[in-house]
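> The following file, work.csv, comprises CSV, C-alpha atoms:
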```
chain,number,residue,atom,x,y,z
A,1155,MET,CA,-29.1,-80.0,-202.9
A,1156,ASN,CA,-28.6,-82.3,-199.9
A,1157,ASP,CA,-26.3,-85.3,-199.8
A,1158,ASP,CA,-29.0,-87.9,-200.3
A,1159,HIS,CA,-30.4,-86.0,-203.3
A,1160,GLU,CA,-26.9,-85.7,-204.8
A,1161,GLU,CA,-26.3,-89.4,-204.3
A,1162,PHE,CA,-29.6,-90.2,-206.1
A,1163,ALA,CA,-28.8,-87.8,-208.9
A,1164,GLN,CA,-25.4,-89.4,-209.3
A,1165,ALA,CA,-27.1,-92.8,-209.5
A,1166,LEU,CA,-29.4,-91.6,-212.2
A,1167,ARG,CA,-26.5,-90.1,-214.2
A,1168,THR,CA,-24.6,-93.4,-213.9
A,1169,LEU,CA,-27.6,-95.5,-214.9
A,1170,ALA,CA,-28.6,-93.2,-217.7
A,1171,GLN,CA,-25.4,-94.3,-219.6
A,1172,ARG,CA,-26.6,-97.9,-219.7
A,1173,GLU,CA,-28.4,-99.1,-222.8
A,1174,PRO,CA,-32.2,-98.9,-222.2
A,1175,VAL,CA,-34.3,-102.0,-222.4
A,1176,PRO,CA,-36.9,-101.6,-225.2
A,1177,PRO,CA,-40.6,-102.2,-224.3
A,1178,ALA,CA,-42.2,-105.5,-225.1
A,1179,PRO,CA,-45.9,-106.3,-225.7
A,1180,VAL,CA,-48.0,-107.1,-222.7
A,1181,SER,CA,-50.5,-110.0,-222.8
A,1182,ALA,CA,-54.1,-109.4,-221.7
A,1183,LEU,CA,-54.3,-108.8,-217.9
A,1184,VAL,CA,-57.0,-109.7,-215.6
A,1185,ARG,CA,-57.7,-106.6,-213.4
A,1186,ARG,CA,-60.0,-108.5,-211.1
A,1187,GLY,CA,-60.0,-112.1,-209.9
A,1188,ARG,CA,-63.1,-114.0,-208.7
A,1189,ARG,CA,-61.7,-113.5,-205.2
A,1190,ALA,CA,-61.0,-109.8,-205.8
A,1191,ARG,CA,-57.3,-110.5,-205.8
A,1192,ARG,CA,-56.1,-107.0,-204.8
A,1193,THR,CA,-58.8,-106.4,-202.2
A,1194,ARG,CA,-57.5,-106.6,-198.7
A,1195,ALA,CA,-59.5,-108.4,-196.0
A,1196,VAL,CA,-60.4,-105.1,-194.5
A,1197,VAL,CA,-62.5,-104.2,-197.5
A,1198,GLY,CA,-64.9,-107.0,-196.9
A,1199,ALA,CA,-65.2,-106.0,-193.3
A,1200,ILE,CA,-66.0,-102.4,-194.1
A,1201,ALA,CA,-68.6,-103.4,-196.7
A,1202,GLY,CA,-70.2,-105.7,-194.2
A,1203,THR,CA,-70.4,-102.9,-191.7
A,1204,ALA,CA,-72.0,-100.6,-194.2
A,1205,LEU,CA,-74.6,-103.1,-195.3
A,1206,ALA,CA,-75.5,-104.0,-191.7
A,1207,SER,CA,-76.2,-100.3,-190.9
A,1208,ALA,CA,-78.2,-99.7,-194.1
A,1209,ALA,CA,-76.4,-96.4,-194.5
A,1210,VAL,CA,-76.4,-94.6,-197.8
A,1211,VAL,CA,-73.0,-95.6,-199.2
A,1212,VAL,CA,-71.1,-96.4,-202.3
A,1213,VAL,CA,-68.8,-99.3,-202.9
A,1214,TRP,CA,-65.4,-98.0,-201.8
A,1215,GLY,CA,-61.9,-99.0,-202.8
A,1216,SER,CA,-59.2,-99.7,-200.2
A,1217,GLY,CA,-55.6,-99.7,-201.0
A,1218,GLY,CA,-56.3,-101.0,-204.5
A,1219,LEU,CA,-59.8,-102.2,-205.0
A,1220,VAL,CA,-61.2,-101.8,-208.5
A,1221,PRO,CA,-60.6,-98.9,-210.9
A,1222,ALA,CA,-61.8,-95.4,-210.3
A,1223,GLY,CA,-60.7,-91.9,-211.1
A,1224,PRO,CA,-59.9,-88.2,-210.3
A,1225,PRO,CA,-58.0,-85.3,-211.8
A,1226,SER,CA,-55.5,-85.7,-214.5
A,1227,ILE,CA,-51.8,-85.2,-213.7
A,1228,ALA,CA,-49.5,-82.5,-215.0
A,1229,SER,CA,-46.7,-83.3,-217.3
A,1230,ALA,CA,-44.2,-80.9,-216.0
A,1231,PRO,CA,-42.6,-80.4,-212.5
A,1232,LEU,CA,-43.9,-77.8,-210.2
A,1233,SER,CA,-42.0,-74.6,-209.3
A,1234,GLY,CA,-42.1,-72.1,-206.5
A,1235,ASP,CA,-42.6,-72.7,-202.8
A,1236,GLY,CA,-42.6,-76.3,-201.7
A,1237,SER,CA,-41.7,-77.5,-205.2
A,1238,ARG,CA,-39.0,-79.9,-206.4
A,1239,SER,CA,-37.6,-77.6,-209.0
A,1240,SER,CA,-34.2,-78.9,-208.1
A,1241,HIS,CA,-35.1,-82.3,-209.6
A,1242,SER,CA,-32.8,-83.2,-212.4
A,1243,PRO,CA,-34.6,-82.9,-215.7
A,1244,ARG,CA,-32.7,-85.9,-216.8
A,1245,THR,CA,-35.3,-88.1,-215.1
A,1246,GLN,CA,-37.7,-87.3,-217.9
A,1247,SER,CA,-35.6,-89.1,-220.5
A,1248,LEU,CA,-34.6,-92.1,-218.4
A,1249,ASP,CA,-36.0,-95.5,-219.3
A,1250,ALA,CA,-38.0,-97.4,-216.7
A,1251,ARG,CA,-35.1,-99.8,-215.9
A,1252,SER,CA,-32.8,-97.0,-215.0
A,1253,VAL,CA,-35.4,-95.3,-212.8
A,1254,LEU,CA,-36.2,-98.5,-211.0
A,1255,LEU,CA,-32.6,-99.4,-210.4
A,1256,ALA,CA,-31.9,-96.0,-209.0
A,1257,ALA,CA,-35.0,-96.3,-206.8
A,1258,ALA,CA,-33.6,-99.7,-205.6
A,1259,GLU,CA,-30.3,-98.0,-204.6
A,1260,THR,CA,-32.2,-95.3,-202.7
A,1261,ALA,CA,-34.5,-97.7,-200.9
A,1262,ALA,CA,-31.5,-99.9,-199.8
A,1263,ARG,CA,-30.0,-96.9,-197.9
A,1264,GLU,CA,-33.0,-96.4,-195.7
A,1265,PRO,CA,-32.8,-97.6,-192.1
A,1266,ALA,CA,-35.1,-100.5,-191.1
A,1267,THR,CA,-37.9,-99.5,-188.7
A,1268,SER,CA,-41.0,-101.1,-187.2
A,1269,GLY,CA,-43.7,-100.3,-184.7
A,1270,PRO,CA,-47.0,-101.4,-183.2
A,1271,TYR,CA,-49.1,-100.2,-186.2
A,1272,TRP,CA,-48.5,-99.7,-189.9
A,1273,TYR,CA,-50.5,-96.6,-190.8
A,1274,THR,CA,-51.7,-95.3,-194.3
A,1275,ARG,CA,-53.8,-92.3,-195.2
A,1276,GLN,CA,-55.1,-92.5,-198.8
A,1277,ARG,CA,-57.3,-90.3,-200.9
A,1278,THR,CA,-59.3,-92.4,-203.4
A,1279,SER,CA,-61.3,-91.3,-206.4
A,1280,GLN,CA,-63.4,-93.6,-208.5
A,1281,PRO,CA,-66.7,-93.7,-210.4
A,1282,VAL,CA,-70.0,-93.9,-208.6
A,1283,HIS,CA,-71.4,-97.3,-209.7
A,1284,GLN,CA,-74.4,-97.5,-207.4
A,1285,TYR,CA,-76.1,-96.1,-204.4
A,1286,MET,CA,-78.2,-97.4,-201.6
A,1287,LYS,CA,-81.5,-96.2,-200.2
A,1288,LYS,CA,-82.3,-96.0,-196.5
A,1289,VAL,CA,-84.7,-98.9,-196.3
A,1290,LYS,CA,-85.1,-101.8,-193.9
A,1291,LYS,CA,-83.4,-104.1,-196.4
A,1292,PRO,CA,-80.6,-102.3,-198.5
A,1293,GLN,CA,-81.1,-102.5,-202.2
A,1294,ARG,CA,-78.4,-101.7,-204.6
A,1295,GLN,CA,-79.5,-99.5,-207.5
A,1296,LYS,CA,-77.8,-99.0,-210.9
A,1297,ILE,CA,-77.5,-95.4,-211.7
A,1298,PRO,CA,-78.4,-93.5,-214.9
A,1299,PHE,CA,-75.8,-90.8,-214.4
A,1300,SER,CA,-72.0,-90.5,-214.3
A,1301,ALA,CA,-70.2,-89.1,-211.3
A,1302,THR,CA,-66.9,-89.5,-209.4
A,1303,LEU,CA,-66.7,-90.0,-205.7
A,1304,THR,CA,-63.5,-89.0,-203.8
A,1305,GLY,CA,-62.9,-89.7,-200.1
A,1306,THR,CA,-60.1,-90.3,-197.6
A,1307,GLN,CA,-59.4,-93.4,-195.5
A,1308,ASP,CA,-57.1,-93.9,-192.5
A,1309,SER,CA,-55.9,-97.4,-191.7
A,1310,TRP,CA,-54.0,-98.9,-188.8
A,1311,TYR,CA,-52.7,-102.4,-189.3
A,1312,ALA,CA,-51.6,-104.1,-186.1
A,1313,SER,CA,-48.2,-105.7,-186.2
A,1314,GLU,CA,-48.7,-107.8,-183.1
A,1315,LYS,CA,-50.8,-110.9,-183.2
A,1316,GLY,CA,-54.1,-110.4,-181.5
A,1317,ALA,CA,-53.9,-106.6,-181.3
A,1318,PRO,CA,-56.9,-104.6,-182.6
A,1319,SER,CA,-56.8,-102.8,-185.9
A,1320,ARG,CA,-58.8,-99.8,-187.2
A,1321,THR,CA,-60.0,-98.0,-190.3
A,1322,VAL,CA,-61.7,-94.6,-190.5
A,1323,THR,CA,-63.7,-94.3,-193.8
A,1324,GLY,CA,-65.8,-91.8,-195.5
A,1325,GLN,CA,-63.8,-88.7,-194.7
A,1326,ASP,CA,-64.2,-85.5,-196.7
A,1327,PRO,CA,-66.3,-87.0,-199.5
A,1328,LYS,CA,-66.6,-85.0,-202.7
A,1329,VAL,CA,-68.8,-85.8,-205.6
A,1330,ALA,CA,-68.1,-84.5,-209.1
A,1331,PHE,CA,-70.7,-85.1,-211.9
A,1332,ALA,CA,-69.4,-85.7,-215.4
A,1333,SER,CA,-71.7,-83.0,-216.8
A,1334,PRO,CA,-74.7,-80.7,-215.8
A,1335,GLU,CA,-76.9,-83.2,-217.5
A,1336,ASP,CA,-75.7,-86.0,-215.2
A,1337,GLU,CA,-76.3,-83.8,-212.2
A,1338,ALA,CA,-79.8,-83.1,-213.4
A,1339,LYS,CA,-80.5,-86.9,-213.7
A,1340,TRP,CA,-79.3,-87.3,-210.2
A,1341,LYS,CA,-81.6,-84.6,-208.9
A,1342,ARG,CA,-84.6,-86.2,-210.8
A,1343,LEU,CA,-84.0,-89.3,-208.7
A,1344,GLY,CA,-84.4,-87.2,-205.5
A,1345,SER,CA,-80.7,-86.4,-205.0
A,1346,PRO,CA,-79.9,-89.6,-203.3
A,1347,ALA,CA,-76.8,-89.6,-201.1
A,1348,LEU,CA,-73.8,-91.0,-202.8
A,1349,ALA,CA,-71.4,-91.2,-199.8
A,1350,GLU,CA,-71.5,-91.9,-196.1
A,1351,GLU,CA,-73.2,-89.1,-194.2
A,1352,LYS,CA,-70.3,-88.9,-191.8
A,1353,PRO,CA,-66.9,-90.6,-191.2
A,1354,SER,CA,-67.1,-94.1,-189.8
A,1355,THR,CA,-64.6,-95.6,-187.3
A,1356,ASN,CA,-64.3,-99.3,-187.6
A,1357,ASP,CA,-62.4,-101.3,-185.0
A,1358,TYR,CA,-61.4,-105.0,-185.7
A,1359,ASP,CA,-60.3,-107.7,-183.3
A,1360,MET,CA,-59.3,-109.8,-186.3
A,1361,GLU,CA,-56.0,-109.7,-188.1
A,1362,LEU,CA,-56.1,-107.5,-191.3
A,1363,HIS,CA,-54.2,-108.7,-194.3
A,1364,PHE,CA,-52.4,-107.5,-197.3
A,1365,GLN,CA,-52.5,-109.5,-200.5
A,1366,ILE,CA,-50.1,-110.9,-203.1
A,1367,GLY,CA,-52.4,-112.3,-205.8
A,1368,ASN,CA,-54.9,-114.4,-203.8
A,1369,HIS,CA,-52.5,-115.0,-200.9
A,1370,ASN,CA,-53.0,-113.2,-197.6
A,1371,PHE,CA,-50.1,-111.7,-195.7
A,1372,THR,CA,-50.0,-110.3,-192.2
A,1373,VAL,CA,-47.8,-107.3,-191.3
A,1374,ARG,CA,-45.3,-109.7,-189.7
A,1375,GLN,CA,-45.2,-111.9,-192.8
A,1376,LEU,CA,-44.5,-108.9,-195.0
A,1377,LEU,CA,-41.6,-107.8,-192.8
A,1378,LYS,CA,-40.1,-111.3,-193.4
A,1379,LEU,CA,-40.2,-111.1,-197.2
A,1380,PRO,CA,-36.8,-111.7,-198.9
A,1381,THR,CA,-34.4,-108.8,-199.2
A,1382,SER,CA,-32.6,-110.0,-202.3
A,1383,LYS,CA,-34.0,-109.8,-205.8
A,1384,ASP,CA,-33.4,-113.5,-206.7
A,1385,ARG,CA,-35.0,-114.8,-203.5
A,1386,LEU,CA,-38.0,-112.4,-203.7
A,1387,GLU,CA,-38.5,-113.4,-207.3
A,1388,SER,CA,-38.4,-117.1,-206.3
A,1389,GLN,CA,-41.0,-116.6,-203.7
A,1390,LEU,CA,-43.3,-114.6,-206.0
A,1391,ARG,CA,-43.0,-117.2,-208.7
A,1392,ARG,CA,-43.9,-119.9,-206.2
A,1393,LEU,CA,-47.0,-117.9,-205.2
A,1394,PHE,CA,-47.8,-117.3,-208.8
A,1395,ASP,CA,-47.5,-121.0,-209.6
A,1396,GLU,CA,-49.9,-121.8,-206.7
A,1397,GLU,CA,-52.5,-119.5,-208.1
A,1398,SER,CA,-55.5,-121.4,-209.6
A,1399,ALA,CA,-56.7,-120.3,-213.0
A,1400,SER,CA,-60.2,-120.6,-211.7
A,1401,ASP,CA,-59.5,-117.8,-209.3
A,1402,TRP,CA,-59.0,-115.3,-212.1
A,1403,TRP,CA,-61.2,-113.8,-214.7
A,1404,PRO,CA,-61.1,-114.2,-217.7
A,1405,ALA,CA,-57.7,-115.8,-217.4
A,1406,LYS,CA,-54.6,-116.0,-215.2
A,1407,PRO,CA,-52.2,-113.1,-215.8
A,1408,GLU,CA,-48.6,-113.3,-216.9
A,1409,PHE,CA,-45.9,-113.1,-214.2
A,1410,THR,CA,-45.0,-109.5,-215.1
A,1411,ASP,CA,-48.6,-108.4,-214.5
A,1412,TYR,CA,-48.6,-110.4,-211.2
A,1413,VAL,CA,-45.5,-108.7,-209.9
A,1414,TRP,CA,-46.7,-105.2,-211.1
A,1415,TYR,CA,-50.0,-105.4,-209.2
A,1416,ALA,CA,-48.4,-107.0,-206.1
A,1417,ALA,CA,-46.1,-104.0,-206.1
A,1418,GLN,CA,-49.0,-101.6,-205.8
A,1419,ASP,CA,-49.9,-103.1,-202.4
A,1420,LEU,CA,-46.4,-103.9,-201.2
A,1421,LEU,CA,-44.9,-100.4,-201.9
A,1422,ALA,CA,-47.8,-99.0,-199.7
A,1423,GLY,CA,-47.2,-101.6,-197.1
A,1424,PRO,CA,-44.8,-102.4,-194.2
A,1425,ILE,CA,-42.0,-104.0,-196.2
A,1426,SER,CA,-38.4,-103.6,-195.1
A,1427,PRO,CA,-36.0,-101.3,-197.0
A,1428,GLY,CA,-34.2,-104.5,-198.3
A,1429,THR,CA,-37.5,-105.9,-199.7
A,1430,ARG,CA,-38.4,-102.6,-201.2
A,1431,SER,CA,-35.0,-102.5,-203.0
A,1432,ALA,CA,-35.4,-106.1,-204.2
A,1433,LEU,CA,-38.9,-105.4,-205.5
A,1434,TYR,CA,-37.7,-102.4,-207.5
A,1435,ARG,CA,-34.8,-104.5,-209.0
A,1436,LEU,CA,-37.3,-107.2,-209.9
A,1437,LEU,CA,-39.6,-104.6,-211.6
A,1438,ALA,CA,-36.6,-103.3,-213.5
A,1439,GLU,CA,-36.3,-106.7,-215.2
A,1440,GLN,CA,-39.8,-106.5,-216.6
A,1441,PRO,CA,-39.3,-104.9,-220.1
A,1442,ALA,CA,-43.0,-104.1,-220.5
A,1443,ILE,CA,-42.9,-101.4,-217.9
A,1444,LYS,CA,-42.1,-98.0,-219.3
A,1445,SER,CA,-41.3,-94.6,-217.8
A,1446,LEU,CA,-43.4,-91.6,-218.6
A,1447,GLY,CA,-41.0,-89.1,-217.1
A,1448,GLU,CA,-41.7,-86.6,-214.3
A,1449,VAL,CA,-45.4,-85.9,-213.4
A,1450,ALA,CA,-47.4,-84.4,-210.5
A,1451,ASP,CA,-49.9,-86.4,-208.5
A,1452,SER,CA,-53.3,-85.1,-207.3
A,1453,GLN,CA,-51.6,-83.4,-204.3
A,1454,GLY,CA,-49.1,-81.6,-206.5
A,1455,ARG,CA,-46.2,-83.7,-205.5
A,1456,THR,CA,-43.8,-84.6,-208.3
A,1457,GLY,CA,-42.4,-88.0,-209.1
A,1458,VAL,CA,-41.6,-90.4,-211.9
A,1459,ALA,CA,-44.6,-92.2,-213.5
A,1460,LEU,CA,-44.0,-95.9,-214.4
A,1461,ALA,CA,-46.7,-97.4,-216.6
A,1462,LEU,CA,-47.9,-100.8,-217.7
A,1463,THR,CA,-50.4,-101.2,-220.5
A,1464,THR,CA,-52.9,-104.0,-220.7
A,1465,GLY,CA,-54.8,-105.1,-223.7
A,1466,GLY,CA,-58.2,-106.7,-224.3
A,1467,ASP,CA,-61.7,-105.4,-224.4
A,1468,GLY,CA,-62.8,-105.8,-220.8
A,1469,ASP,CA,-62.7,-103.5,-217.8
A,1470,GLY,CA,-59.0,-104.2,-217.3
A,1471,ALA,CA,-57.9,-102.9,-220.6
A,1472,GLY,CA,-55.9,-99.7,-220.3
A,1473,GLU,CA,-52.9,-98.2,-218.6
A,1474,SER,CA,-52.0,-98.4,-214.9
A,1475,ARG,CA,-49.4,-96.1,-213.4
A,1476,LEU,CA,-47.2,-96.0,-210.2
A,1477,ILE,CA,-45.9,-92.5,-209.4
A,1478,VAL,CA,-42.8,-92.9,-207.3
A,1479,ASP,CA,-40.9,-90.1,-205.5
A,1480,ASP,CA,-37.5,-90.1,-207.2
A,1481,GLU,CA,-35.8,-88.6,-204.1
A,1482,THR,CA,-37.1,-91.1,-201.5
A,1483,ALA,CA,-38.3,-94.1,-203.7
A,1484,GLU,CA,-41.6,-93.9,-201.9
A,1485,LEU,CA,-44.9,-94.6,-203.7
A,1486,LEU,CA,-47.0,-91.4,-204.1
A,1487,SER,CA,-49.9,-92.6,-206.1
A,1488,TYR,CA,-51.5,-95.4,-208.2
A,1489,GLU,CA,-53.6,-94.6,-211.2
A,1490,PHE,CA,-55.6,-96.6,-213.8
A,1491,ARG,CA,-56.8,-95.2,-217.1
A,1492,SER,CA,-59.4,-97.2,-219.0
A,1493,GLN,CA,-58.6,-97.8,-222.6
A,1494,GLY,CA,-59.0,-94.6,-224.7
A,1495,GLN,CA,-59.3,-92.4,-221.6
A,1496,SER,CA,-56.8,-89.5,-220.9
A,1497,ALA,CA,-57.9,-89.0,-217.3
A,1498,PRO,CA,-57.6,-91.6,-214.5
A,1499,THR,CA,-60.5,-93.9,-214.0
A,1500,LEU,CA,-59.1,-94.8,-210.6
A,1501,GLN,CA,-56.7,-92.8,-208.5
A,1502,ILE,CA,-55.3,-93.7,-205.1
A,1503,THR,CA,-53.1,-91.0,-203.6
A,1504,TYR,CA,-51.0,-92.0,-200.5
A,1505,GLU,CA,-50.9,-88.9,-198.4
A,1506,ASP,CA,-49.1,-90.4,-195.5
A,1507,MET,CA,-47.7,-93.8,-194.4
A,1508,GLY,CA,-45.4,-95.2,-191.8
A,1509,TRP,CA,-45.2,-96.7,-188.3
A,1510,ALA,CA,-47.5,-95.3,-185.6
A,1511,GLU,CA,-47.3,-96.0,-181.9
A,1512,ALA,CA,-51.0,-96.4,-181.2
A,1513,LEU,CA,-54.5,-96.5,-182.8
A,1514,GLY,CA,-55.5,-93.0,-183.8
A,1515,GLU,CA,-52.0,-91.7,-184.0
A,1516,ARG,CA,-50.0,-90.9,-187.1
A,1517,PRO,CA,-46.3,-91.5,-187.8
A,1518,GLN,CA,-44.0,-89.1,-185.9
A,1519,SER,CA,-41.8,-88.3,-188.9
```
Using structure tokens, write down the structure from this file.


Amino acid sequence: MNDDHEEFAQALRTLAQREPVPPAPVSALVRRGRRARRTRAVVGAIAGTALASAAVVVVWGSGGLVPAGPPSIASAPLSGDGSRSSHSPRTQSLDARSVLLAAAETAAREPATSGPYWYTRQRTSQPVHQYMKKVKKPQRQKIPFSATLTGTQDSWYASEKGAPSRTVTGQDPKVAFASPEDEAKWKRLGSPALAEEKPSTNDYDMELHFQIGNHNFTVRQLLKLPTSKDRLESQLRRLFDEESASDWWPAKPEFTDYVWYAAQDLLAGPISPGTRSALYRLLAEQPAIKSLGEVADSQGRTGVALALTTGGDGDGAGESRLIVDDETAELLSYEFRSQGQSAPTLQITYEDMGWAEALGERPQS
């Protein structure tokens, strides 16, 4: 066990002695706003490119679009080569507050870094909702079968104003049908393509944004977010109060829900170690968040699953999860399970993220 791991384990042991905070009921959450609150500006640009080319595509998610879903996660840590069998089993019994406070301490010890580009590589799985035919004027078709589409996207967000940004979409697409009957229905339609025929490189001369609610943030603005819990909470509450109820459907969410879904983007974005630590401390104060113990993501990496349940009868009803590496406090994956479903409806796995020196390059470490 290295020194950092031992420090983290010690933090967990200390925090485990504190009285856990009992879970509280969560009010109905709006998963999607009328302005697609968690969709970054790049999503619209990608969709526009696809429509203009009349390619056979599916509506994709990017960094947290709308629900989708791949394989279920394991409930026990891995063992063998490359595993984290040295993880303390104590993490499985810790409450969410203890896990989040320990993550805050871990994040605070990380050195602050920056670079020309913030890079992410994410593998997204979500249901196929529609397909497009190769015609002069693209026409969206509702589909009579169930299938899941999984694909990879690389993104480079420029930190310098005026610098170009880039996404590479449609990489390694995989389609999984819910049953042989669903595949047969697809074949009876003429086996229409459900994904891009080849990867698409998209360069942008505009600034790409991250979102907190319906507010857009550049890379530079994210790096300037507060590094104390109280100041970060104050800023998020101000943004929350500025949100118009008309921008949300069917109703504006509670502040806990607002912070939770902002965290999905922020933890995968270029925030400073201080802001990351402050965000974990703010999440620790939300009693509705619970810990599900140690799990494995779709890549077999183990971490602690934190969950928030949302009620209601709409598409947003269900359970969302953040899987956090309990050694590094980094976000590994986001998952959403529709109400009554054991497998994820949406799964976004962050395979790599960090600062890159140029377009097309990946982080050095």

> Which range 1329-1443 of chain A residues have any atom within 8 Å of an atom of range 1485-1509 of chain A, and for each, what is the nearest pair of atoms with distance in Å to one decimal, counting only C-alpha atoms, rows sorted by chain and number, as a Markdown table?


```
| residue | atom | partner | partner_atom | distance |
| --- | --- | --- | --- | --- |
| A:Gln1418 | CA | A:Tyr1488 | CA | 7.1 |
| A:Leu1421 | CA | A:Leu1485 | CA | 6.1 |
| A:Ala1422 | CA | A:Leu1485 | CA | 6.6 |
| A:Pro1424 | CA | A:Gly1508 | CA | 7.6 |
```

> Pick the closest to Lys1444 in chain A from A:Thr1463, A:Thr1456, A:Ser1333, A:Gln1389: which is it, counting only C-alpha atoms?

A:Thr1463

> Can you measure CA of Phe1409 in chain A to CA of Ser1474 in chain A for me? One decimal in Å is fine.

15.9 Å

> Please, what distance in Å, to one decimal, runs between CA of Leu1393 in chain A and CA of Ala1312 in chain A?

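Between CA of Leu1393 in chain A and CA of Ala1312 in chain A the gap works out to 24.0 Å.
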
> Please report the interatomic distance between CA of Leu1436 in chain A and CA of Ser1452 in chain A in Å with one decimal.

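For CA of Leu1436 in chain A relative to CA of Ser1452 in chain A, the distance reads 27.4 Å.
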
> Residues within 8 Å of (-52.1, -103.3, -183.3), file coordinates, counting all atoms listed in the file: what are they? Give the list as a list in words.

Pro1270, Tyr1271, Trp1310, Tyr1311, Ala1312, Ser1313, Glu1314, Lys1315, Gly1316, Ala1317, Pro1318, Ser1319, Ala1512 and Leu1513 of chain A

> Using all atoms listed in the file, determine which residues lie at most 8 Å from Pro1427 in chain A, disregarding the query and same-chain residues fewer than 2 positions distant; provide the list as a VMD selection string.

chain A and resid 1261 to 1266 1381 1425 1429 to 1431

> Using all atoms listed in the file, which of A:Arg1320, A:Arg1342, A:Gly1269, A:Arg1275 sits nearest Pro1298 in chain A?

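Once distances to Pro1298 in chain A are computed over all atoms listed in the file, the minimum belongs to A:Arg1342.
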
> Which residue, A:Thr1278, A:Asp1469, A:Leu1343, A:Asn1368, has the smallest gap to Pro1327 in chain A when you use only C-alpha atoms?

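Distance minimum relative to Pro1327 in chain A lands on A:Thr1278.
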
> Which is closer to Glu1484 in chain A than all the others in A:Pro1441, A:Gly1447, A:Pro1407, A:Gly1423, using only C-alpha atoms?

A:Gly1423

> Using all atoms listed in the file, which protein or nucleic acid residues come within 9 Å of Ser1309 in chain A? Drop anything in the same chain fewer than 3 positions from it, and give the result as JSON, numbers by chain.

{"A": [1272, 1273, 1274, 1275, 1276, 1319, 1320, 1321, 1322, 1323]}

> Give the answer as one residue: which of A:Ala1471, A:Ile1297, A:Ala1432, A:Ala1450 has the shortest atom-to-atom distance to Ser1388 in chain A, using all atoms listed in the file?

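Using all atoms listed in the file, the shortest distance to Ser1388 in chain A belongs to A:Ala1432.
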